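Novice: Sharing my_file.pdb below, PDB, C-alpha atoms:
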ATOM      1  CA  MET A 982       0.000   0.000   0.000  1.00  0.00           C
ATOM      2  CA  TYR A 983       2.857   2.398   0.827  1.00  0.00           C
ATOM      3  CA  GLU A 984       5.387   1.136  -1.719  1.00  0.00           C
ATOM      4  CA  THR A 985       7.291   3.952  -3.436  1.00  0.00           C
ATOM      5  CA  ALA A 986       9.088   4.105  -6.775  1.00  0.00           C
ATOM      6  CA  LYS A 987      12.381   3.895  -4.855  1.00  0.00           C
ATOM      7  CA  ASP A 988      11.138   0.755  -3.046  1.00  0.00           C
ATOM      8  CA  ARG A 989      10.365  -0.865  -6.407  1.00  0.00           C
ATOM      9  CA  LEU A 990      13.822   0.025  -7.788  1.00  0.00           C
ATOM     10  CA  ASN A 991      15.523  -1.452  -4.716  1.00  0.00           C
ATOM     11  CA  GLU A 992      13.408  -4.579  -5.016  1.00  0.00           C
ATOM     12  CA  GLU A 993      14.246  -4.931  -8.740  1.00  0.00           C
ATOM     13  CA  ARG A 994      17.982  -4.670  -7.981  1.00  0.00           C
ATOM     14  CA  LEU A 995      17.613  -7.377  -5.336  1.00  0.00           C
ATOM     15  CA  ILE A 996      15.579  -9.596  -7.676  1.00  0.00           C
ATOM     16  CA  LYS A 997      18.209  -9.358 -10.428  1.00  0.00           C
ATOM     17  CA  ALA A 998      20.966 -10.329  -7.981  1.00  0.00           C
ATOM     18  CA  ILE A 999      18.977 -13.347  -6.713  1.00  0.00           C
ATOM     19  CA  GLU A1000      18.116 -14.420 -10.256  1.00  0.00           C
ATOM     20  CA  GLN A1001      21.816 -14.427 -11.169  1.00  0.00           C
ATOM     21  CA  ALA A1002      22.984 -16.083  -7.947  1.00  0.00           C
ATOM     22  CA  PHE A1003      20.445 -18.927  -8.027  1.00  0.00           C
ATOM     23  CA  ASN A1004      19.620 -19.268 -11.740  1.00  0.00           C
ATOM     24  CA  PHE A1005      15.996 -18.276 -11.132  1.00  0.00           C
ATOM     25  CA  LYS A1006      13.479 -16.342 -13.150  1.00  0.00           C
ATOM     26  CA  ILE A1007      11.478 -14.311 -10.639  1.00  0.00           C
ATOM     27  CA  THR A1008       7.940 -13.149 -11.401  1.00  0.00           C
ATOM     28  CA  SER A1009       5.960 -10.627  -9.341  1.00  0.00           C
ATOM     29  CA  LEU A1010       2.764 -11.905  -7.745  1.00  0.00           C
ATOM     30  CA  PRO A1011      -0.634 -10.214  -7.577  1.00  0.00           C
ATOM     31  CA  SER A1012      -1.257  -8.609  -4.167  1.00  0.00           C
ATOM     32  CA  LYS A1013      -3.866 -11.241  -3.248  1.00  0.00           C
ATOM     33  CA  TYR A1014      -1.000 -13.679  -2.507  1.00  0.00           C
ATOM     34  CA  ASN A1015       0.474 -11.319   0.121  1.00  0.00           C
ATOM     35  CA  LEU A1016       4.045 -12.104  -0.997  1.00  0.00           C
ATOM     36  CA  ASP A1017       6.124 -10.308  -3.596  1.00  0.00           C
ATOM     37  CA  ALA A1018       7.232 -12.981  -6.049  1.00  0.00           C
ATOM     38  CA  ILE A1019       7.616 -16.570  -7.176  1.00  0.00           C
ATOM     39  CA  ALA A1020      10.861 -18.074  -8.477  1.00  0.00           C
ATOM     40  CA  TRP A1021      11.043 -20.439 -11.454  1.00  0.00           C
ATOM     41  CA  ASN A1022      13.782 -22.664 -12.811  1.00  0.00           C
ATOM     42  CA  ASP A1023      13.257 -24.330 -16.193  1.00  0.00           C
ATOM     43  CA  GLY A1024       9.525 -23.625 -15.951  1.00  0.00           C
ATOM     44  CA  GLU A1025       9.170 -25.271 -12.534  1.00  0.00           C
ATOM     45  CA  ALA A1026       8.000 -23.264  -9.528  1.00  0.00           C
ATOM     46  CA  LYS A1027      10.740 -23.340  -6.884  1.00  0.00           C
ATOM     47  CA  CYS A1028       9.832 -20.962  -4.049  1.00  0.00           C
ATOM     48  CA  PHE A1029       8.152 -17.719  -3.029  1.00  0.00           C
ATOM     49  CA  PHE A1030       9.786 -14.494  -1.850  1.00  0.00           C
ATOM     50  CA  GLU A1031       8.985 -11.459   0.227  1.00  0.00           C
ATOM     51  CA  PHE A1032      11.549  -8.653  -0.124  1.00  0.00           C
ATOM     52  CA  LYS A1033      12.359  -5.971   2.422  1.00  0.00           C
ATOM     53  CA  CYS A1034      14.967  -3.272   1.789  1.00  0.00           C
ATOM     54  CA  ARG A1035      16.092  -1.481   4.924  1.00  0.00           C
ATOM     55  CA  THR A1036      18.179   1.668   5.298  1.00  0.00           C
ATOM     56  CA  ILE A1037      19.867   0.509   8.518  1.00  0.00           C
ATOM     57  CA  PRO A1038      22.541  -2.096   9.287  1.00  0.00           C
ATOM     58  CA  SER A1039      21.481  -5.600  10.311  1.00  0.00           C
ATOM     59  CA  THR A1040      23.089  -4.991  13.708  1.00  0.00           C
ATOM     60  CA  LYS A1041      20.785  -2.111  14.693  1.00  0.00           C
ATOM     61  CA  HIS A1042      17.954  -4.360  15.934  1.00  0.00           C
ATOM     62  CA  GLN A1043      17.785  -7.963  17.124  1.00  0.00           C
ATOM     63  CA  THR A1044      14.812  -8.892  14.958  1.00  0.00           C
ATOM     64  CA  ALA A1045      13.444  -8.264  11.502  1.00  0.00           C
ATOM     65  CA  VAL A1046       9.795  -7.290  11.731  1.00  0.00           C
ATOM     66  CA  VAL A1047       7.068  -8.343   9.308  1.00  0.00           C
ATOM     67  CA  ASN A1048       3.311  -7.954   9.634  1.00  0.00           C
ATOM     68  CA  LEU A1049       1.921 -11.118  11.207  1.00  0.00           C
ATOM     69  CA  HIS A1050      -0.658 -11.463   8.408  1.00  0.00           C
ATOM     70  CA  LYS A1051       2.245 -11.777   5.941  1.00  0.00           C
ATOM     71  CA  ALA A1052       3.882 -14.549   8.007  1.00  0.00           C
ATOM     72  CA  ILE A1053       0.536 -16.358   8.230  1.00  0.00           C
ATOM     73  CA  ALA A1054      -0.050 -16.010   4.479  1.00  0.00           C
ATOM     74  CA  ALA A1055       3.464 -17.284   3.726  1.00  0.00           C
ATOM     75  CA  ASN A1056       3.046 -20.323   5.948  1.00  0.00           C
ATOM     76  CA  ASN A1057      -0.380 -21.098   4.455  1.00  0.00           C
ATOM     77  CA  LEU A1058       1.074 -20.777   0.947  1.00  0.00           C
ATOM     78  CA  ALA A1059       3.975 -23.078   1.830  1.00  0.00           C
ATOM     79  CA  GLN A1060       1.635 -25.663   3.342  1.00  0.00           C
ATOM     80  CA  THR A1061      -0.679 -25.552   0.338  1.00  0.00           C
ATOM     81  CA  THR A1062       1.996 -25.686  -2.376  1.00  0.00           C
ATOM     82  CA  GLY A1063       4.828 -27.544  -0.666  1.00  0.00           C
ATOM     83  CA  LEU A1064       7.189 -24.713  -1.674  1.00  0.00           C
ATOM     84  CA  LYS A1065       9.361 -22.680   0.676  1.00  0.00           C
ATOM     85  CA  CYS A1066       8.498 -19.043   1.331  1.00  0.00           C
ATOM     86  CA  TRP A1067      11.565 -16.919   1.976  1.00  0.00           C
ATOM     87  CA  LEU A1068      11.841 -13.549   3.662  1.00  0.00           C
ATOM     88  CA  VAL A1069      14.755 -11.660   2.090  1.00  0.00           C
ATOM     89  CA  CYS A1070      15.949  -8.544   3.892  1.00  0.00           C
ATOM     90  CA  GLU A1071      18.531  -6.202   2.494  1.00  0.00           C
ATOM     91  CA  TRP A1072      20.200  -4.082   5.140  1.00  0.00           C
ATOM     92  CA  THR A1073      23.021  -1.616   4.509  1.00  0.00           C
ATOM     93  CA  ASP A1074      25.606  -4.239   5.502  1.00  0.00           C
ATOM     94  CA  MET A1075      24.157  -7.519   4.163  1.00  0.00           C
ATOM     95  CA  VAL A1076      21.340  -9.336   2.412  1.00  0.00           C
ATOM     96  CA  GLY A1077      19.883 -12.083   4.577  1.00  0.00           C
ATOM     97  CA  VAL A1078      17.282 -14.770   4.056  1.00  0.00           C
ATOM     98  CA  ILE A1079      15.127 -16.763   6.444  1.00  0.00           C
ATOM     99  CA  ASP A1080      12.363 -19.313   5.909  1.00  0.00           C
ATOM    100  CA  PHE A1081       9.006 -17.842   6.940  1.00  0.00           C
ATOM    101  CA  ALA A1082       8.386 -21.178   8.707  1.00  0.00           C
ATOM    102  CA  SER A1083      11.235 -20.426  11.141  1.00  0.00           C
ATOM    103  CA  PRO A1084      10.274 -19.689  14.728  1.00  0.00           C
ATOM    104  CA  PHE A1085       9.338 -16.085  15.461  1.00  0.00           C
ATOM    105  CA  GLU A1086       7.972 -14.078  18.343  1.00  0.00           C
ATOM    106  CA  ILE A1087       4.700 -12.205  18.079  1.00  0.00           C
ATOM    107  CA  GLY A1088       5.122  -8.532  18.843  1.00  0.00           C
ATOM    108  CA  VAL A1089       2.659  -6.387  20.677  1.00  0.00           C
ATOM    109  CA  VAL A1090       0.169  -4.318  18.771  1.00  0.00           C
ATOM    110  CA  GLY A1091       2.098  -1.343  17.499  1.00  0.00           C
ATOM    111  CA  ALA A1092       1.849   1.397  14.983  1.00  0.00           C
ATOM    112  CA  ARG A1093       4.054   3.543  12.860  1.00  0.00           C
ATOM    113  CA  THR A1094       3.407   7.143  13.704  1.00  0.00           C
ATOM    114  CA  ASP A1095       5.202   8.830  10.800  1.00  0.00           C
ATOM    115  CA  ARG A1096       2.322   8.270   8.358  1.00  0.00           C
ATOM    116  CA  ASN A1097      -0.493   9.222  10.728  1.00  0.00           C
ATOM    117  CA  ASP A1098      -2.520   6.241   9.494  1.00  0.00           C
ATOM    118  CA  PRO A1099      -4.493   4.160  12.034  1.00  0.00           C
ATOM    119  CA  ARG A1100      -4.276   1.189   9.640  1.00  0.00           C
ATOM    120  CA  ASP A1101      -0.584   0.962  10.582  1.00  0.00           C
ATOM    121  CA  ALA A1102      -1.567  -0.620  13.911  1.00  0.00           C
ATOM    122  CA  ASP A1103      -0.980  -4.348  13.635  1.00  0.00           C
ATOM    123  CA  LEU A1104       0.571  -7.476  15.104  1.00  0.00           C
ATOM    124  CA  PHE A1105       4.108  -8.304  14.022  1.00  0.00           C
ATOM    125  CA  ALA A1106       6.247 -11.397  13.538  1.00  0.00           C
ATOM    126  CA  HIS A1107       9.763 -10.801  14.889  1.00  0.00           C
ATOM    127  CA  TYR A1108      12.388 -13.023  13.213  1.00  0.00           C
ATOM    128  CA  PRO A1109      15.815 -13.073  14.943  1.00  0.00           C
ATOM    129  CA  ILE A1110      18.353 -11.485  12.611  1.00  0.00           C
ATOM    130  CA  SER A1111      20.975 -13.886  13.997  1.00  0.00           C
ATOM    131  CA  ARG A1112      19.056 -16.723  12.255  1.00  0.00           C
ATOM    132  CA  PHE A1113      19.193 -15.093   8.796  1.00  0.00           C
ATOM    133  CA  ARG A1114      21.642 -16.626   6.318  1.00  0.00           C
ATOM    134  CA  ASN A1115      23.843 -14.043   4.610  1.00  0.00           C
ATOM    135  CA  LEU A1116      23.413 -14.380   0.830  1.00  0.00           C
ATOM    136  CA  LYS A1117      26.578 -12.368   0.099  1.00  0.00           C
ATOM    137  CA  LEU A1118      24.986 -10.876  -3.024  1.00  0.00           C
ATOM    138  CA  PHE A1119      26.694  -7.509  -3.221  1.00  0.00           C
ATOM    139  CA  ASN A1120      30.147  -8.224  -1.737  1.00  0.00           C
TER     140      ASN A1120
END
Translate this structure into structure tokens?
Specialist:
Amino acid sequence: MYETAKDRLNEERLIKAIEQAFNFKITSLPSKYNLDAIAWNDGEAKCFFEFKCRTIPSTKHQTAVVNLHKAIAANNLAQTTGLKCWLVCEWTDMVGVIDFASPFEIGVVGARTDRNDPRDADLFAHYPISRFRNLKLFN
């Protein structure tokens, strides 16, 4: 809902790097799937992705935060299709990946205040950054 042109450019750069690193063709998904993309290899569906591009280092916080509804949707999609759903976060110092099915903590109801939008209040899944695997895409 709040995605900017800059967000899309950052996501495209990340997609191109993952396509090259893993020999995937990545296709954007309609919003009804709640995740950003699906990866293909030789016409076979391989996995799903959600991309987050952050403007802070991975060491600033202990967890990466995603709306709980997105974690639920990813786990339902994985259960239904048998394919992994990956959360890919790019921080200023690394690009990390974690399986949405990994353990997470549920955060308290919170809200961003910078947009002055009551719809920002939500529950969050907190994934420990220490459990992300560094993809080493831009080294």
Novice: Starting from the displayed file, determine the output of the PyMOL selection byres ((chain A and resi 1113) around 9) and express the residue list as a list in words.
Specialist: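 Applied to this file, the PyMOL selection byres ((chain A and resi 1113) around 9) returns Val1069, Cys1070, Val1076, Gly1077, Val1078, Ile1079, Asp1080, Tyr1108, Pro1109, Ile1110, Ser1111, Arg1112, Arg1114 and Asn1115 of chain A.
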Novice: Record the distance separating CA of Lys1027 (chain A) and CA of Arg994 (chain A), expressed in Å with one decimal.
Specialist: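 Going from CA of Lys1027 (chain A) over to CA of Arg994 (chain A), I get 20.1 Å.
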Novice: To verify the selection step, state as a list in words which residues the PyMOL selection byres ((chain A and resi 1042-1054) around 6) yields on this input.
Specialist: Thr1040, Lys1041, Ala1055, Asn1056, Asn1057, Leu1104, Phe1105, Ala1106, His1107, Tyr1108, Pro1109 and Ile1110 of chain A
Novice: Mind pulling up the distance from CA of Ala1020 (chain A) to CA of Phe1005 (chain A)?
Specialist: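 Interatomic distance, CA of Phe1005 (chain A) to CA of Ala1020 (chain A): 5.8 Å.
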Novice: With only C-alpha atoms as the atoms that count, which of A:Phe1081, A:Trp1021, A:Ala1026, A:Leu995 lies nearest to Thr1062 (chain A)?
Specialist: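 Smallest distance to Thr1062 (chain A) is found for A:Ala1026.
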Novice: What does the distance from CA of Pro1011 (chain A) to CA of Leu1058 (chain A) come to in Å, to one decimal?
Specialist: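 Computing the Euclidean distance for CA of Pro1011 (chain A) and CA of Leu1058 (chain A) yields 13.7 Å.
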Novice: Could you state which residues are captured by the PyMOL selection byres ((chain A and resi 1006) around 9) in this file, as an MDAnalysis selection string?
Specialist: chainID A and resid 996:997 999:1001 1004:1005 1007:1008 1019:1024
Novice: Nearest to Glu992 (chain A): which of A:Tyr1014, A:Phe1119, A:Trp1067, A:Phe1032 is it, counting all atoms listed in the file?
Specialist: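 Result for the nearest residue to Glu992 (chain A): A:Phe1032.
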Novice: Go through A:Ser1012, A:Asn1097, A:Thr1036, A:Thr1061 and flag the residue nearest Asn991 (chain A), using only C-alpha atoms for the distances.
Specialist: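 Smallest distance to Asn991 (chain A) is found for A:Thr1036.
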Novice: Return the single residue from A:Asp1074, A:Asp1017, A:Asp1103, A:Glu1025 that is closest to Glu993 (chain A), with distances computed using only C-alpha atoms.
Specialist: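 Using only C-alpha atoms, Glu993 (chain A) sits closest to A:Asp1017.
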